[in-house]
Every structure is written in C-alpha cells, then in structure tokens.
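**Q** This is the structure I want to talk about, given as structure tokens.
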Amino acid sequence: DAKIQAITRYLMNTKDRPDAIVQCGTNMGFLNVIRALEDKLKVPMLGINQTLLWMALRESGITTAIKGAGRLFQNH
C-alpha cells in the first residue's frame, strides 16, 4: 500500500508527469503495484525483477505474452 500511495500522491499529482515509473531494488515486489496502477494511470511501470525476467525470456527466444504481468509482458 505504501508504494501505491507514494506513486499516486507524489509522482502522479505533479504537472510534470513521468514518462514511466521504474522500481529499482531486487528485494521489493512491484507486480501488485503494476496491476493496480499501470492501466489506471496510463504510465508504463517497470520493476527490476519483472524487467530482468522479460529480458531473460526474450534472450531465450520466448516471446509469449503473459496476462496480468504488466504492459511489458503484453508486448512481444
């Protein structure tokens, strides 16, 4: 809940909205935040764990879309 509040209160209520939100820190889950806010706020959200997994799958030739894992996994 703290992550969702921080994004909605501090990052998304400014006149200079971000082009994307990137979460760095490998011991901090972000998928629930992505599911809760990405479509609602219309801003791409990338967690480091999610992005590393996406890259590993693509490097392995796996391009299957994964529903519920954010915009990154919907695009091939």
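To be explicit about the labels: the chains of the structure tokens are called A, B, and onward in the order shown, and within each one the residues are counted from 1, while ligands get numbers from 1 in the order they are shown.
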I'd like the contact shell of range 32-37 of chain A - 8 Å cut-off, only C-alpha atoms, skipping same-chain residues fewer than 3 positions apart - returned as a ChimeraX atom specification.
**A** /A:3-4,29,40-41,45-46,68-70
**Q** For Asp19 in chain A, which residue among A:Lys42, A:Ala56, A:Leu72, A:Ile66 is the nearest when counting only C-alpha atoms?
**A**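 Of the candidates, the smallest distance to Asp19 in chain A is held by A:Lys42.
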**Q** Can you pull out every residue from chain A that DSSP, working from the backbone, puts in strand (DSSP E or B), and format the result as a PyMOL selection string?
**A** chain A and resi 21-23+45-47
**Q** For the residues selected in the previous step, produce a file with N, CA and C atoms as a PDB file, in the first residue's frame.
**A**
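result-v5.pdb, written as the output of this step:
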```pdb
ATOM      1  N   ILE A  21       7.554   4.755 -14.771  1.00  0.00           N
ATOM      2  CA  ILE A  21       7.982   4.566 -13.391  1.00  0.00           C
ATOM      3  C   ILE A  21       8.826   3.301 -13.355  1.00  0.00           C
ATOM      4  N   VAL A  22      10.044   3.439 -12.858  1.00  0.00           N
ATOM      5  CA  VAL A  22      10.972   2.319 -12.774  1.00  0.00           C
ATOM      6  C   VAL A  22      11.291   2.080 -11.306  1.00  0.00           C
ATOM      7  N   GLN A  23      11.063   0.868 -10.854  1.00  0.00           N
ATOM      8  CA  GLN A  23      11.356   0.496  -9.477  1.00  0.00           C
ATOM      9  C   GLN A  23      12.655  -0.281  -9.471  1.00  0.00           C
ATOM     10  N   MET A  45       5.058   0.945 -16.160  1.00  0.00           N
ATOM     11  CA  MET A  45       5.715   0.687 -14.882  1.00  0.00           C
ATOM     12  C   MET A  45       6.601  -0.532 -15.036  1.00  0.00           C
ATOM     13  N   LEU A  46       7.843  -0.378 -14.625  1.00  0.00           N
ATOM     14  CA  LEU A  46       8.822  -1.447 -14.775  1.00  0.00           C
ATOM     15  C   LEU A  46       9.489  -1.726 -13.444  1.00  0.00           C
ATOM     16  N   GLY A  47       9.294  -2.929 -12.945  1.00  0.00           N
ATOM     17  CA  GLY A  47      10.021  -3.385 -11.765  1.00  0.00           C
ATOM     18  C   GLY A  47      11.290  -4.084 -12.232  1.00  0.00           C
TER      19      GLY A  47
END
```
**Q** Quick one: pull the distance between CA of Arg9 in chain A and CA of Leu31 in chain A, Å, one decimal.
**A** 18.8 Å
**Q** Measuring between only C-alpha atoms, which one of A:Phe30, A:Cys24, A:Phe73, A:Thr8 shows the shortest distance to Arg58 in chain A?
**A**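 So, comparing all the options, the nearest one is A:Phe73.
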**Q** Among chain A, which residues does DSSP mark as alpha helix (DSSP H) when it is run on the backbone? Keep the chain and numbering as in the structure and answer as an MDAnalysis selection string.
**A** chainID A and resid 2:6 31:41 48:59 71:74
**Q** If you measure from CA of Lys15 in chain A to CA of Thr51 in chain A, what distance in Å do you get, rounded to one decimal?
**A**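 Distance reported for this atom pair: 27.5 Å.
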